[in-house]
file coords25.cif (mmCIF, C-alpha atoms and all ligand atoms)
data_my_file
loop_
_atom_site.label_atom_id
_atom_site.label_comp_id
_atom_site.auth_asym_id
_atom_site.auth_seq_id
_atom_site.Cartn_x
_atom_site.Cartn_y
_atom_site.Cartn_z
CA MET A 1 -19.00 14.68 -20.76
CA ALA A 2 -20.52 18.20 -20.82
CA GLN A 3 -19.34 20.34 -17.91
CA ALA A 4 -21.43 23.06 -16.26
CA THR A 5 -19.87 26.56 -16.39
CA PRO A 6 -17.78 26.92 -13.23
CA ASN A 7 -18.79 29.54 -10.66
CA SER A 8 -15.35 29.77 -9.19
CA ILE A 9 -11.89 29.21 -10.63
CA THR A 10 -8.79 28.49 -8.58
CA ARG A 11 -5.25 28.20 -9.90
CA THR A 12 -2.32 26.16 -8.73
CA GLN A 13 0.76 24.55 -10.27
CA VAL A 14 -0.10 20.88 -9.62
CA GLY A 15 -3.70 19.73 -9.09
CA ILE A 16 -3.74 16.52 -7.07
CA ILE A 17 -6.75 14.20 -6.98
CA GLY A 18 -6.85 12.08 -3.80
CA ALA A 19 -5.44 12.46 -0.29
CA GLY A 20 -4.14 8.93 0.19
CA PRO A 21 -0.44 8.26 0.75
CA ALA A 22 0.36 9.11 -2.91
CA GLY A 23 -1.40 12.50 -2.97
CA LEU A 24 -0.25 13.60 0.48
CA PHE A 25 3.40 12.62 0.01
CA LEU A 26 3.37 14.36 -3.37
CA ALA A 27 2.00 17.61 -1.90
CA HIS A 28 4.74 17.57 0.77
CA LEU A 29 7.53 16.73 -1.67
CA LEU A 30 6.43 19.49 -4.06
CA HIS A 31 6.14 22.03 -1.24
CA ARG A 32 9.75 21.35 -0.30
CA GLN A 33 10.72 22.19 -3.91
CA GLY A 34 8.73 25.44 -3.78
CA ILE A 35 5.94 24.04 -5.99
CA GLU A 36 2.30 24.82 -5.10
CA SER A 37 -0.42 22.21 -5.17
CA VAL A 38 -4.03 21.70 -4.12
CA ILE A 39 -5.50 18.31 -3.20
CA LEU A 40 -9.13 17.45 -4.03
CA GLU A 41 -10.32 14.53 -1.85
CA SER A 42 -13.78 13.02 -2.08
CA ARG A 43 -13.94 11.70 1.49
CA SER A 44 -13.98 13.58 4.80
CA ARG A 45 -10.85 14.10 6.91
CA ALA A 46 -12.26 11.69 9.54
CA GLY A 47 -12.99 9.18 6.77
CA ILE A 48 -9.45 9.04 5.40
CA GLU A 49 -7.90 9.12 8.87
CA GLY A 50 -10.06 6.23 10.09
CA THR A 51 -9.70 3.72 7.23
CA ILE A 52 -7.81 0.62 8.36
CA ARG A 53 -5.16 -0.48 5.88
CA ALA A 54 -1.76 -2.23 6.04
CA GLY A 55 1.13 -0.84 8.01
CA VAL A 56 4.65 -1.80 6.92
CA LEU A 57 7.04 0.95 5.80
CA GLU A 58 10.25 0.19 3.93
CA GLN A 59 13.45 1.64 5.37
CA TRP A 60 13.82 4.33 2.69
CA VAL A 61 10.23 5.56 3.28
CA VAL A 62 11.02 5.95 6.99
CA ASP A 63 14.25 7.80 6.10
CA LEU A 64 12.32 10.04 3.68
CA MET A 65 9.68 10.90 6.31
CA ASN A 66 12.42 11.78 8.76
CA ARG A 67 14.26 13.92 6.19
CA MET A 68 11.01 15.79 5.49
CA GLY A 69 10.48 16.40 9.23
CA LEU A 70 7.34 14.21 9.23
CA GLY A 71 8.64 11.23 11.20
CA GLY A 72 8.35 12.40 14.84
CA ARG A 73 5.33 10.35 15.92
CA MET A 74 6.33 7.39 13.74
CA MET A 75 9.71 7.21 15.50
CA ARG A 76 7.98 7.33 18.91
CA GLU A 77 5.08 4.98 18.21
CA GLY A 78 6.24 2.76 15.31
CA HIS A 79 7.64 -0.72 15.79
CA PHE A 80 11.02 -1.43 14.27
CA HIS A 81 11.41 -5.02 13.13
CA SER A 82 14.72 -6.43 12.02
CA GLY A 83 13.24 -9.75 10.92
CA ILE A 84 10.13 -11.82 10.24
CA THR A 85 9.14 -15.36 11.17
CA LEU A 86 8.00 -17.83 8.53
CA ARG A 87 5.97 -20.70 9.93
CA PHE A 88 5.20 -23.87 7.96
CA ASP A 89 5.07 -27.56 8.69
CA HIS A 90 4.33 -26.38 12.29
CA ARG A 91 7.87 -25.06 12.66
CA SER A 92 9.16 -21.50 12.92
CA HIS A 93 12.02 -20.01 10.92
CA HIS A 94 13.43 -16.58 11.67
CA ILE A 95 14.57 -14.48 8.70
CA ASP A 96 17.03 -11.91 9.98
CA MET A 97 16.44 -9.06 7.51
CA ALA A 98 18.90 -6.69 9.13
CA ASP A 99 21.71 -9.25 9.00
CA LEU A 100 20.90 -10.15 5.37
CA THR A 101 20.61 -6.56 4.10
CA GLY A 102 23.40 -4.71 5.90
CA GLY A 103 21.25 -3.36 8.73
CA LYS A 104 17.95 -2.47 7.04
CA ARG A 105 14.71 -2.88 8.99
CA VAL A 106 11.00 -2.42 8.36
CA THR A 107 8.75 -0.21 10.46
CA VAL A 108 5.25 -1.29 11.44
CA TYR A 109 3.22 1.94 11.61
CA ALA A 110 -0.38 1.90 10.35
CA GLN A 111 -1.15 3.65 7.06
CA HIS A 112 -3.90 5.76 8.66
CA GLU A 113 -1.37 7.05 11.21
CA VAL A 114 0.86 8.14 8.30
CA ILE A 115 -2.20 9.85 6.79
CA ARG A 116 -2.96 11.66 10.07
CA ASP A 117 0.63 12.92 10.33
CA LEU A 118 0.76 14.09 6.70
CA VAL A 119 -2.65 15.81 6.78
CA ALA A 120 -1.86 17.67 10.03
CA ALA A 121 1.54 18.84 8.75
CA ARG A 122 0.11 19.89 5.38
CA LEU A 123 -2.69 21.95 6.93
CA GLU A 124 -0.24 23.50 9.38
CA GLU A 125 1.97 24.74 6.54
CA GLY A 126 -1.11 26.24 4.84
CA GLY A 127 -1.45 23.60 2.12
CA GLY A 128 -4.80 23.34 0.34
CA ILE A 129 -6.83 20.17 0.84
CA VAL A 130 -10.50 20.19 -0.16
CA PHE A 131 -12.20 17.35 1.74
CA GLY A 132 -15.59 16.02 0.64
CA ALA A 133 -15.16 17.15 -3.00
CA SER A 134 -17.56 15.63 -5.49
CA ASP A 135 -17.86 15.30 -9.28
CA VAL A 136 -14.07 15.48 -9.53
CA GLN A 137 -12.99 15.12 -13.16
CA PRO A 138 -9.65 15.79 -14.89
CA LEU A 139 -10.17 17.76 -18.14
CA ASP A 140 -8.07 18.98 -21.09
CA ILE A 141 -5.17 16.69 -20.19
CA ASP A 142 -3.96 16.71 -23.81
CA GLY A 143 -3.13 20.41 -23.83
CA THR A 144 -0.88 22.67 -21.78
CA ALA A 145 -3.69 24.05 -19.59
CA PRO A 146 -5.36 21.09 -17.87
CA ARG A 147 -8.10 21.63 -15.29
CA ILE A 148 -10.05 19.66 -12.75
CA ALA A 149 -13.79 20.16 -12.46
CA PHE A 150 -15.26 19.60 -8.98
CA ARG A 151 -17.85 20.65 -6.42
CA ARG A 152 -16.97 21.41 -2.78
CA THR A 153 -20.18 19.73 -1.62
CA PRO A 154 -22.61 17.47 -3.50
CA ASP A 155 -25.05 20.39 -3.94
CA GLY A 156 -22.39 23.08 -4.31
CA PRO A 157 -21.82 25.06 -7.53
CA PRO A 158 -19.41 23.68 -10.16
CA GLU A 159 -15.84 24.90 -9.63
CA GLU A 160 -12.60 24.50 -11.51
CA LEU A 161 -9.00 24.01 -10.45
CA ARG A 162 -6.70 25.21 -13.23
CA CYS A 163 -3.16 23.89 -13.13
CA ASP A 164 -0.04 23.06 -15.16
CA PHE A 165 -0.17 19.33 -14.33
CA ILE A 166 -2.63 16.88 -12.80
CA ALA A 167 -1.52 14.08 -10.47
CA GLY A 168 -4.11 11.29 -10.40
CA CYS A 169 -3.59 9.85 -6.89
CA ASP A 170 -7.20 8.73 -6.55
CA GLY A 171 -6.81 5.00 -5.95
CA PHE A 172 -8.09 2.07 -7.98
CA HIS A 173 -11.67 3.39 -8.42
CA GLY A 174 -10.91 7.08 -9.06
CA PRO A 175 -11.56 9.05 -12.26
CA SER A 176 -7.91 9.56 -13.32
CA ARG A 177 -6.98 6.24 -14.88
CA PRO A 178 -10.17 6.12 -16.99
CA ALA A 179 -9.29 9.63 -18.27
CA ILE A 180 -6.41 8.02 -20.23
CA PRO A 181 -8.04 6.95 -23.53
CA ALA A 182 -8.81 3.21 -23.35
CA ALA A 183 -7.05 2.57 -26.67
CA LEU A 184 -3.79 3.91 -25.23
CA ARG A 185 -4.01 2.01 -21.93
CA ASN A 186 -2.66 -1.48 -21.42
CA GLU A 187 -4.01 -3.12 -18.27
CA PHE A 188 -2.55 -6.32 -16.79
CA GLN A 189 -4.48 -8.11 -14.06
CA THR A 190 -4.74 -11.26 -11.96
CA VAL A 191 -7.47 -11.68 -9.38
CA HIS A 192 -6.24 -14.07 -6.68
CA PRO A 193 -8.64 -16.73 -5.35
CA PHE A 194 -7.95 -15.61 -1.77
CA GLY A 195 -9.52 -13.18 0.66
CA TRP A 196 -8.01 -11.84 3.88
CA LEU A 197 -10.17 -11.66 6.97
CA GLY A 198 -8.48 -8.94 9.04
CA ILE A 199 -9.11 -8.18 12.71
CA LEU A 200 -7.97 -5.62 15.25
CA THR A 201 -7.88 -6.93 18.79
CA GLU A 202 -7.18 -5.35 22.15
CA ALA A 203 -4.38 -7.62 23.27
CA PRO A 204 -0.68 -7.39 24.04
CA PRO A 205 1.78 -8.53 21.32
CA SER A 206 2.08 -12.31 21.13
CA HIS A 207 5.44 -12.23 19.35
CA PRO A 208 8.18 -9.63 18.83
CA GLU A 209 7.99 -9.83 15.01
CA LEU A 210 5.50 -10.56 12.22
CA ILE A 211 4.62 -14.23 11.64
CA TYR A 212 3.67 -15.36 8.12
CA ALA A 213 2.19 -18.87 8.37
CA ASN A 214 1.50 -21.40 5.63
CA HIS A 215 -0.81 -23.99 7.17
CA GLU A 216 -2.87 -26.77 5.62
CA ARG A 217 -6.02 -24.83 6.69
CA GLY A 218 -4.74 -21.71 4.88
CA PHE A 219 -2.48 -18.69 5.36
CA ALA A 220 -2.42 -16.61 8.56
CA LEU A 221 -0.49 -13.48 9.52
CA LEU A 222 0.25 -11.99 12.91
CA SER A 223 1.07 -8.27 12.88
CA THR A 224 0.93 -5.48 15.43
CA ARG A 225 -0.30 -1.92 15.85
CA SER A 226 0.66 -0.88 19.39
CA PRO A 227 1.50 -2.42 22.78
CA GLU A 228 -2.29 -2.72 23.30
CA VAL A 229 -3.62 -3.50 19.79
CA GLN A 230 -2.73 -6.35 17.44
CA ARG A 231 -3.60 -6.91 13.77
CA LEU A 232 -4.18 -10.45 12.49
CA TYR A 233 -5.29 -11.93 9.19
CA LEU A 234 -6.70 -15.26 8.00
CA GLN A 235 -6.94 -16.52 4.44
CA VAL A 236 -10.63 -17.04 3.63
CA ASP A 237 -12.67 -17.45 0.48
CA PRO A 238 -12.89 -13.98 -1.15
CA GLY A 239 -16.68 -14.39 -1.50
CA ASP A 240 -17.11 -15.30 2.19
CA ASP A 241 -19.35 -13.14 4.40
CA ILE A 242 -17.94 -11.70 7.63
CA ALA A 243 -21.28 -12.60 9.28
CA HIS A 244 -20.14 -16.25 9.09
CA TRP A 245 -17.16 -15.50 11.32
CA SER A 246 -17.95 -15.31 15.03
CA ASP A 247 -15.10 -14.15 17.27
CA ASP A 248 -14.76 -17.72 18.60
CA ARG A 249 -14.43 -19.13 15.11
CA ILE A 250 -11.78 -16.51 14.22
CA TRP A 251 -9.71 -17.26 17.32
CA SER A 252 -9.93 -21.00 16.91
CA GLU A 253 -8.78 -20.72 13.28
CA LEU A 254 -5.94 -18.32 14.21
CA HIS A 255 -4.74 -20.70 16.94
CA ALA A 256 -4.82 -23.66 14.58
CA ARG A 257 -2.90 -21.89 11.80
CA LEU A 258 -0.37 -19.90 13.83
CA GLU A 259 0.71 -22.25 16.59
CA ASP A 260 3.87 -24.30 16.15
CA ARG A 261 5.40 -27.37 17.80
CA ASP A 262 7.03 -25.29 20.55
CA SER A 263 5.32 -23.76 23.52
CA TRP A 264 4.41 -20.44 21.79
CA THR A 265 0.77 -19.42 22.14
CA LEU A 266 -1.34 -16.67 20.69
CA THR A 267 -2.76 -14.15 23.19
CA GLU A 268 -6.45 -13.39 22.66
CA GLY A 269 -8.36 -10.18 23.36
CA PRO A 270 -11.66 -8.53 22.43
CA ILE A 271 -12.03 -8.07 18.65
CA PHE A 272 -13.16 -4.51 17.87
CA GLN A 273 -12.86 -4.43 14.06
CA LYS A 274 -13.18 -7.14 11.42
CA GLY A 275 -13.64 -7.32 7.66
CA ILE A 276 -12.79 -9.30 4.51
CA ILE A 277 -10.81 -7.93 1.55
CA GLY A 278 -10.19 -9.46 -1.88
CA MET A 279 -6.83 -9.54 -3.59
CA ARG A 280 -5.69 -8.53 -7.02
CA SER A 281 -2.49 -7.79 -8.89
CA PHE A 282 -2.96 -4.98 -11.43
CA VAL A 283 -0.75 -2.70 -13.54
CA CYS A 284 -1.74 0.05 -15.99
CA GLU A 285 0.77 1.10 -18.65
CA PRO A 286 1.62 3.84 -19.35
CA MET A 287 1.10 5.95 -16.21
CA ARG A 288 0.93 9.23 -18.08
CA HIS A 289 -1.21 10.83 -20.74
CA GLY A 290 -0.37 14.38 -21.73
CA ARG A 291 -0.38 16.46 -18.55
CA LEU A 292 -2.01 13.74 -16.41
CA PHE A 293 0.27 11.51 -14.32
CA ILE A 294 -1.26 8.63 -12.36
CA ALA A 295 0.41 7.29 -9.21
CA GLY A 296 -0.14 4.69 -6.48
CA ASP A 297 -3.25 2.50 -6.48
CA ALA A 298 -4.64 4.50 -9.43
CA ALA A 299 -1.95 2.82 -11.55
CA HIS A 300 -1.26 -0.48 -9.81
CA ILE A 301 -2.44 -2.85 -7.09
CA VAL A 302 -0.45 -5.52 -5.28
CA PRO A 303 -1.89 -8.23 -3.02
CA PRO A 304 -1.07 -7.32 0.60
CA THR A 305 1.22 -10.29 1.32
CA GLY A 306 4.45 -8.36 0.82
CA ALA A 307 3.01 -5.09 2.27
CA LYS A 308 4.23 -3.11 -0.75
CA GLY A 309 1.15 -0.94 -1.58
CA LEU A 310 1.97 2.21 0.37
CA ASN A 311 5.70 1.98 -0.36
CA LEU A 312 5.10 1.76 -4.11
CA ALA A 313 2.77 4.77 -3.99
CA VAL A 314 5.49 6.82 -2.29
CA ALA A 315 8.10 5.65 -4.82
CA ASP A 316 5.91 6.85 -7.73
CA VAL A 317 5.41 10.33 -6.31
CA LEU A 318 9.06 10.71 -5.38
CA VAL A 319 9.92 10.12 -9.06
CA LEU A 320 7.13 12.51 -10.11
CA SER A 321 8.16 15.26 -7.68
CA ARG A 322 11.73 15.15 -8.97
CA ALA A 323 10.56 15.33 -12.58
CA LEU A 324 8.26 18.28 -11.83
CA ALA A 325 11.00 20.07 -9.88
CA ALA A 326 13.39 19.69 -12.84
CA PHE A 327 10.70 21.00 -15.20
CA TYR A 328 9.99 24.11 -13.11
CA ARG A 329 13.72 24.74 -12.55
CA THR A 330 15.03 24.24 -16.08
CA GLY A 331 12.08 23.61 -18.41
CA SER A 332 13.39 20.10 -19.09
CA THR A 333 10.71 17.49 -19.77
CA GLU A 334 13.14 14.56 -19.63
CA GLY A 335 12.04 13.41 -16.16
CA LEU A 336 8.37 13.80 -17.03
CA ASP A 337 8.84 11.87 -20.26
CA GLY A 338 10.63 9.07 -18.38
CA TYR A 339 8.17 9.00 -15.40
CA SER A 340 6.13 6.02 -16.50
CA ALA A 341 9.05 3.82 -17.55
CA THR A 342 11.07 4.66 -14.42
CA CYS A 343 8.15 3.82 -12.11
CA LEU A 344 7.13 0.68 -13.99
CA ARG A 345 10.54 -0.95 -13.54
CA ARG A 346 10.11 -0.82 -9.75
CA ILE A 347 6.38 -1.64 -9.92
CA TRP A 348 6.87 -4.86 -11.87
CA LYS A 349 9.51 -6.03 -9.40
CA ALA A 350 7.10 -5.35 -6.53
CA GLU A 351 4.34 -7.15 -8.45
CA ARG A 352 6.67 -10.12 -8.86
CA PHE A 353 7.60 -10.16 -5.17
CA SER A 354 4.00 -9.76 -3.96
CA TRP A 355 2.86 -12.52 -6.31
CA TYR A 356 5.71 -14.78 -5.11
CA MET A 357 4.88 -14.22 -1.42
CA THR A 358 1.16 -14.70 -2.09
CA THR A 359 1.42 -17.93 -4.07
CA MET A 360 4.09 -19.41 -1.77
CA LEU A 361 2.21 -18.73 1.47
CA HIS A 362 -1.46 -19.36 0.60
CA ARG A 363 -3.28 -22.66 0.04
CA ASN A 364 -5.02 -22.64 -3.33
CA PRO A 365 -7.64 -25.41 -3.54
CA ALA A 366 -7.61 -25.07 -7.33
CA GLU A 367 -3.93 -26.06 -7.48
CA SER A 368 -2.89 -29.67 -7.99
CA PRO A 369 -1.16 -31.57 -5.15
CA PHE A 370 2.01 -31.28 -7.28
CA GLU A 371 1.86 -27.47 -7.31
CA GLN A 372 1.13 -27.38 -3.57
CA ARG A 373 4.20 -29.54 -2.88
CA ILE A 374 6.28 -27.13 -5.00
CA HIS A 375 5.29 -24.21 -2.72
CA LEU A 376 6.35 -26.19 0.37
CA ALA A 377 9.65 -27.07 -1.32
CA GLU A 378 10.12 -23.37 -2.07
CA LEU A 379 9.66 -22.52 1.62
CA ASP A 380 11.95 -25.33 2.71
CA TYR A 381 14.63 -24.19 0.25
CA LEU A 382 14.21 -20.59 1.32
CA VAL A 383 14.92 -21.18 5.00
CA GLN A 384 17.98 -23.31 4.24
CA SER A 385 19.63 -21.05 1.68
CA ARG A 386 21.24 -17.75 2.69
CA ALA A 387 21.08 -16.69 -0.99
CA ALA A 388 17.32 -17.30 -1.14
CA MET A 389 16.73 -15.59 2.22
CA THR A 390 18.78 -12.60 1.05
CA ALA A 391 16.63 -12.31 -2.08
CA LEU A 392 13.48 -12.29 0.07
CA ALA A 393 14.99 -9.87 2.61
CA GLU A 394 16.20 -7.29 0.08
CA ASN A 395 12.75 -7.15 -1.52
CA TYR A 396 10.93 -7.08 1.82
CA VAL A 397 12.93 -4.18 3.28
CA GLY A 398 12.61 -2.39 -0.09
CA LEU A 399 14.73 -2.34 -3.24
CA PRO A 400 17.12 0.62 -3.42
CA MET A 401 15.52 4.00 -4.06
CA ASP A 402 17.94 6.88 -4.34
N1 LIG B 1 -12.24 12.41 -6.21
C1 LIG B 1 -11.38 12.73 -5.21
N2 LIG B 1 -10.72 11.82 -4.48
C2 LIG B 1 -10.95 10.54 -4.76
C3 LIG B 1 -11.82 10.11 -5.78
C4 LIG B 1 -12.49 11.11 -6.52
N3 LIG B 1 -13.35 10.81 -7.49
N4 LIG B 1 -11.82 8.77 -5.83
C5 LIG B 1 -11.00 8.36 -4.86
N5 LIG B 1 -10.46 9.41 -4.20
C6 LIG B 1 -9.57 9.39 -3.04
C7 LIG B 1 -9.92 8.32 -2.04
O1 LIG B 1 -10.96 8.70 -1.18
C8 LIG B 1 -8.60 8.12 -1.31
O2 LIG B 1 -8.49 8.93 -0.15
O3 LIG B 1 -8.26 9.08 -3.44
C9 LIG B 1 -7.55 8.53 -2.34
C10 LIG B 1 -6.73 7.36 -2.83
O4 LIG B 1 -5.99 6.85 -1.76
P1 LIG B 1 -5.54 5.32 -1.66
O5 LIG B 1 -6.63 4.43 -2.13
O6 LIG B 1 -5.01 5.12 -0.29
O7 LIG B 1 -4.37 5.21 -2.77
P2 LIG B 1 -2.86 5.69 -2.79
O8 LIG B 1 -2.70 7.06 -2.24
O9 LIG B 1 -2.39 5.37 -4.15
O10 LIG B 1 -2.12 4.76 -1.74
C11 LIG B 1 -1.87 3.42 -1.98
O11 LIG B 1 -3.28 2.75 -0.23
O12 LIG B 1 -4.94 1.30 -0.98
C12 LIG B 1 -3.83 1.44 -0.18
O13 LIG B 1 -2.81 -0.58 0.14
C13 LIG B 1 -2.83 0.53 -0.67
O14 LIG B 1 -1.11 1.11 0.71
C14 LIG B 1 -1.62 1.34 -0.57
C15 LIG B 1 -1.95 2.72 -0.67
C1 LIG B 2 -0.41 -5.20 8.50
O1 LIG B 2 0.12 -5.00 9.61
O2 LIG B 2 -1.52 -4.76 8.24
C2 LIG B 2 0.32 -6.02 7.48
C3 LIG B 2 1.58 -6.48 7.76
C4 LIG B 2 2.26 -7.24 6.81
C5 LIG B 2 1.66 -7.52 5.60
C6 LIG B 2 0.40 -7.04 5.31
C7 LIG B 2 -0.28 -6.27 6.25
O3 LIG B 2 2.34 -8.27 4.71
#

call {"tool": "encode", "arguments": {"input": "coords25.cif", "output": "structure tokens", "more": "lines below"}}
Ligand code: APR
Ligand code: PHB
result
Amino acid sequence: MAQATPNSITRTQVGIIGAGPAGLFLAHLLHRQGIESVILESRSRAGIEGTIRAGVLEQWVVDLMNRMGLGGRMMREGHFHSGITLRFDHRSHHIDMADLTGGKRVTVYAQHEVIRDLVAARLEEGGGIVFGASDVQPLDIDGTAPRIAFRRTPDGPPEELRCDFIAGCDGFHGPSRPAIPAALRNEFQTVHPFGWLGILTEAPPSHPELIYANHERGFALLSTRSPEVQRLYLQVDPGDDIAHWSDDRIWSELHARLEDRDSWTLTEGPIFQKGIIGMRSFVCEPMRHGRLFIAGDAAHIVPPTGAKGLNLAVADVLVLSRALAAFYRTGSTEGLDGYSATCLRRIWKAERFSWYMTTMLHRNPAESPFEQRIHLAELDYLVQSRAAMTALAENYVGLPMD
């Protein structure tokens, strides 16, 4: 693509495209190694801080945020869960993650709250974030002097960010992954025949931990956001229209799918946000071309059932920040050369776990009665076997990341 001559040229060490969890964590990690970066983000600050996404942080991500001095609000406002409840056949089964993993927990703290904390801290330390950038395009990634073309506003003059490396942290639809030549990219994908209808409701928590329910009417999930706001999901057809779902219909379906044989009941409240998302599993190999490194949703997508998306994005950029730090310290390219393979080993395990949780917990009308019985047997085995529960728990709280 022909590029207009830039009016203004800026230089930094690492040019980052996208201020999601991947881009923001990377900027902070690099800063702590004395490496400069600038983030180019196409949306506004209010836009990225207001987008509702998932909210489960693995233990090592919480530890990392605390080590970086970014965990203050999370430790005050997050919810620390040492287990989850699996509900099927109208019965509840508690999986005690902390007991099964030597004390590890998960933290329920919404992704947009993490974004707010990281943006505020980055701006406070003088870090560059250009919000509302347009026509963002990585260029010259094959050579040693890559650059990113962009405009500060849609009508603004063309500008250029010159850098040593580009981190493509621009999510599934961003320009970074397509900048890797198609012939060198291997993409693996499954689109799941499920959608999640998610709501936010003003209600007190109905249960002290998350409930994942496999019900004959479909999957349901009870999660939380704060003492006043709860997050719930229902499996729906991915092509369904939210206009078909009145609040009454949503509550009646949630009651049907979540309630068990005991006296537990779901507490209702006004619904103030609702929407339907589709689900895919996707991996791009390799995650590097020349001086461009892609991370997070730009390189891979997991269905939300295991809540791995944000955690995987942070894992990628931790590996990348270490590799870049070694390069700037010693000139060694070993870490950079190994970036893709190192990340992909963790990514494929998270893909496997997310796929396992998704297929085990949802009802797939296209599956035969035999396959559906197999999923119920899997659940029944799981809650009776400490070995099987341990395997679930160690993946759920997060595989080791040192
Ligand atoms: N130019 C600049 N920024 C862009 C462009 C572009 N052309 N395209 C996309 N972006 C921005 C998006 O606006 C978004 O803020 O890149 C950011 C990507 O952020 P995420 O989609 O949150 O991806 P990532 O940082 O990899 O985090 C992964 O986010 O999608 C969830 O569930 C997923 O939790 C996971 C996490
Ligand atoms: C959420 O709170 O949004 C959430 C929790 C657990 C999941 C997915 C999403 O598995």

call {"tool": "residues_near_ligand", "arguments": {"input": "coords25.cif", "ligand": "ligand LIG 1 (chain B)", "cutoff": "7 Å", "atoms": "all atoms listed in the file", "output": "PyMOL selection string"}}
result
chain A and resi 17-23+40-43+48+53-54+111+133-136+169-175+295-298+304+308-311+313

call {"tool": "atom_distance", "arguments": {"input": "coords25.cif", "atom1": "atom CA of Val236 of chain A", "atom2": "atom CA of Gly278 of chain A"}}
result
9.4 Å

call {"tool": "residues_around", "arguments": {"input": "coords25.cif", "residues": "segment 243-246 of chain A", "least_positions_apart": "3", "cutoff": "12 Å", "atoms": "all atoms listed in the file", "output": "ChimeraX atom specification"}}
result
/A:197-199,234,236-237,239-240,249-254,270-271,274-276

call {"tool": "residues_around", "arguments": {"input": "coords25.cif", "residues": "Leu26 of chain A", "least_positions_apart": "2", "cutoff": "8 Å", "atoms": "all atoms listed in the file", "output": "PyMOL selection string"}}
result
chain A and resi 22-24+28-30+314+317-318+320-321

call {"tool": "write_last_selection", "arguments": {"input": "coords25.cif", "atoms": "C-alpha atoms", "output": "CSV table (one decimal), in the coordinates of the input"}}
result
chain,number,residue,atom,x,y,z
A,22,ALA,CA,0.4,9.1,-2.9
A,23,GLY,CA,-1.4,12.5,-3.0
A,24,LEU,CA,-0.2,13.6,0.5
A,28,HIS,CA,4.7,17.6,0.8
A,29,LEU,CA,7.5,16.7,-1.7
A,30,LEU,CA,6.4,19.5,-4.1
A,314,VAL,CA,5.5,6.8,-2.3
A,317,VAL,CA,5.4,10.3,-6.3
A,318,LEU,CA,9.1,10.7,-5.4
A,320,LEU,CA,7.1,12.5,-10.1
A,321,SER,CA,8.2,15.3,-7.7

call {"tool": "closest_residue", "arguments": {"input": "coords25.cif", "among": "A:Ser8, A:Gly290, A:Val191, A:Glu202", "to": "Thr333 of chain A", "atoms": "all atoms listed in the file"}}
result
A:Gly290

call {"tool": "axis_aligned_box", "arguments": {"input": "coords25.cif", "around": "ligand LIG 2 (chain B)", "padding_each_side": "4 Å", "output": "AutoDock Vina command-line options"}}
result
--center_x 0.4 --center_y -6.5 --center_z 7.2 --size_x 11.9 --size_y 11.5 --size_z 12.9

call {"tool": "closest_atom_pairs", "arguments": {"input": "coords25.cif", "of": "chain A", "to": "ligand LIG 2 (chain B)", "cutoff": "6 Å", "atoms": "all atoms listed in the file", "output": "JSON lines"}}
result
{"residue": "A:Ala54", "atom": "CA", "partner": "B:LIG2", "partner_atom": "O2", "distance": 3.4}
{"residue": "A:Gly55", "atom": "CA", "partner": "B:LIG2", "partner_atom": "O1", "distance": 4.6}
{"residue": "A:Val56", "atom": "CA", "partner": "B:LIG2", "partner_atom": "C3", "distance": 5.7}
{"residue": "A:Ser223", "atom": "CA", "partner": "B:LIG2", "partner_atom": "O1", "distance": 4.7}
{"residue": "A:Thr224", "atom": "CA", "partner": "B:LIG2", "partner_atom": "O1", "distance": 5.9}
{"residue": "A:Arg231", "atom": "CA", "partner": "B:LIG2", "partner_atom": "O1", "distance": 5.9}
{"residue": "A:Pro304", "atom": "CA", "partner": "B:LIG2", "partner_atom": "C6", "distance": 4.9}
{"residue": "A:Thr305", "atom": "CA", "partner": "B:LIG2", "partner_atom": "O3", "distance": 4.1}
{"residue": "A:Gly306", "atom": "CA", "partner": "B:LIG2", "partner_atom": "O3", "distance": 4.4}
{"residue": "A:Ala307", "atom": "CA", "partner": "B:LIG2", "partner_atom": "O3", "distance": 4.1}

call {"tool": "atom_distance", "arguments": {"input": "coords25.cif", "atom1": "atom CA of Thr107 of chain A", "atom2": "atom CA of Val62 of chain A"}}
result
7.4 Å

call {"tool": "residues_around", "arguments": {"input": "coords25.cif", "residues": "Pro157 of chain A", "least_positions_apart": "2", "cutoff": "8 Å", "atoms": "all atoms listed in the file", "output": "number ranges by chain"}}
result
A: 6-7, 151-152, 155, 159

call {"tool": "closest_residue", "arguments": {"input": "coords25.cif", "among": "A:His81, A:Ser37, A:Thr201, A:Ile294", "to": "Tyr396 of chain A", "atoms": "all atoms listed in the file"}}
result
A:His81
